[in-house]
Amino acid sequence: MEVKTLLLQQWASCLDEEDWFPPLEKVLEDITFEQAIWKPADGTMNSIWELVCHLLFYEKRYLMRFLGETANEPQAENNDSTFRLPTETVENWEETKQEYFYVHRELERILAKSEHEDLYRKVPGEDNSLVLEMKSLAMHDAYHIGQIVFLSKMQGAWAEKRSFL
């Protein structure tokens with residue numbers, strides 16, 4: 001299988017195609033604002049919304065770097081600050097989700113249109129090529145999708161039975 005095809009499948013499974021784990025679009029489908037900001041009582045975990053902000057930060061930063069728009073890329077003092085929420089409103093929760101879905105799909109579009117030589121070109125501001133960065137971002141997404149599912153289950157917001165491929 002060609003590396004681009006494999007990456008496109010991996011990328012889609014993180015957003016909208018169910019595979020061994022549920023895609024984020026499906027996971028977030030019925031998450032309410034209250035569930036999105038909820039944290040376990042011990043405070044040791046991030047909320048669902050914080051996790052989505054974190055994923056959005058890294059995907060948006062990579063997209064801006066790939067497009068050469070580094071002046072517009074998101075900034076953070078450290079990794080912890082990438083989990084920071086905007087003002088906590090229902091509208092901002094919906095906006096965060098929609099922006100994440102948009103950025104994820106833009107990266108998918110870029111990957112789909114890339115020629116072989118583009119896949120291995122180093123992206124300004126990054127240590128690796130498009131292939132390696134997209135692979136890492138997909139693995140990063142899958143890890144945090146698992147956390148989001150866990151938080152959903154802790155709140156009783158997860159369907160008891162799910163169908164998998």
# chains A, B, ... in the order shown; residues from 1 in each chain; ligands from 1

$ closest_atom_pairs --of "segment 47-78 of chain A" --to "segment 129-145 of chain A" --cutoff "9 Å" --atoms "only C-alpha atoms" --output "CSV"
residue,atom,partner,partner_atom,distance
A:Leu51,CA,A:His144,CA,6.8
A:Val52,CA,A:His144,CA,8.4
A:Leu55,CA,A:Asp141,CA,6.7
A:Tyr58,CA,A:Leu137,CA,7.8
A:Glu59,CA,A:Leu137,CA,7.2
A:Tyr62,CA,A:Glu133,CA,8.3
A:Phe66,CA,A:Leu130,CA,8.2

$ residues_around --residues "segment 91-108 of chain A" --least-positions-apart "5" --cutoff "8 Å" --atoms "only C-alpha atoms" --output "PyMOL selection string"
chain A and resi 8+11-12+15+25+33+36+49+52-53+55-56+59-60+63+86

$ atom_distance --atom1 "atom CA of Leu151 of chain A" --atom2 "atom CA of His54 of chain A"
15.4 Å

$ atom_distance --atom1 "atom CA of Thr87 of chain A" --atom2 "atom CA of Gly125 of chain A"
29.4 Å

$ residues_around --residues "segment 19-23 of chain A" --least-positions-apart "5" --cutoff "9 Å" --atoms "only C-alpha atoms" --output "number ranges by chain"
A: 12-14, 28, 142, 145-146, 149, 164-165

$ write_last_selection --atoms "N, CA and C atoms" --output "CSV table (one decimal), in the first residue's frame"
chain,number,residue,atom,x,y,z
A,12,ALA,N,-8.4,9.9,8.2
A,12,ALA,CA,-9.9,9.8,8.2
A,12,ALA,C,-10.4,9.0,9.5
A,13,SER,N,-9.7,8.0,9.9
A,13,SER,CA,-10.2,7.3,11.1
A,13,SER,C,-10.1,8.1,12.3
A,14,CYS,N,-9.3,9.2,12.3
A,14,CYS,CA,-9.3,10.1,13.5
A,14,CYS,C,-10.5,11.0,13.5
A,28,LEU,N,-17.8,13.3,19.5
A,28,LEU,CA,-18.3,14.7,20.0
A,28,LEU,C,-19.7,15.0,19.6
A,142,ALA,N,-5.4,10.0,18.0
A,142,ALA,CA,-5.9,8.7,18.5
A,142,ALA,C,-5.8,8.6,20.0
A,145,ILE,N,-8.3,11.0,21.6
A,145,ILE,CA,-9.6,10.5,21.4
A,145,ILE,C,-10.0,9.5,22.4
A,146,GLY,N,-9.0,8.6,22.7
A,146,GLY,CA,-9.2,7.6,23.8
A,146,GLY,C,-9.5,8.3,25.1
A,149,VAL,N,-13.1,9.6,25.0
A,149,VAL,CA,-14.1,8.6,25.2
A,149,VAL,C,-14.2,8.2,26.6
A,164,PHE,N,-19.1,-1.7,15.7
A,164,PHE,CA,-17.8,-1.5,15.1
A,164,PHE,C,-17.7,-2.3,13.8
A,165,LEU,N,-16.9,-1.8,12.9
A,165,LEU,CA,-16.7,-2.5,11.6
A,165,LEU,C,-16.2,-3.9,11.9

$ closest_residue --among "A:Leu24, A:Ala159, A:Leu111, A:Leu85" --to "Ser47 of chain A" --atoms "only C-alpha atoms"
A:Leu85

$ atom_distance --atom1 "atom CA of Glu17 of chain A" --atom2 "atom CA of Arg109 of chain A"
15.5 Å

$ closest_residue --among "A:Gln147, A:Gln155, A:Asn78, A:Thr89" --to "Ala41 of chain A" --atoms "only C-alpha atoms"
A:Gln155

$ residues_around --residues "Val3 of chain A" --least-positions-apart "2" --cutoff "10 Å" --atoms "only C-alpha atoms" --output "list in words"
Met1, Thr5, Leu6, Leu7, Leu8, Gln9, His116, Leu119 and Val131 of chain A

$ select_by_dssp --residues "segment 2-157 of chain A" --states "alpha helix (DSSP H)" --output "JSON, numbers by chain"
{"A": [3, 4, 5, 6, 7, 8, 9, 10, 11, 12, 13, 14, 15, 24, 25, 26, 27, 28, 33, 34, 35, 36, 37, 48, 49, 50, 51, 52, 53, 54, 55, 56, 57, 58, 59, 60, 61, 62, 63, 64, 65, 66, 90, 91, 92, 93, 94, 95, 96, 97, 98, 99, 100, 101, 102, 103, 104, 105, 106, 107, 108, 109, 110, 111, 112, 113, 116, 117, 118, 119, 130, 131, 132, 133, 134, 135, 136, 137, 138, 139, 140, 141, 142, 143, 144, 145, 146, 147, 148, 149, 150, 151, 152, 153, 154]}
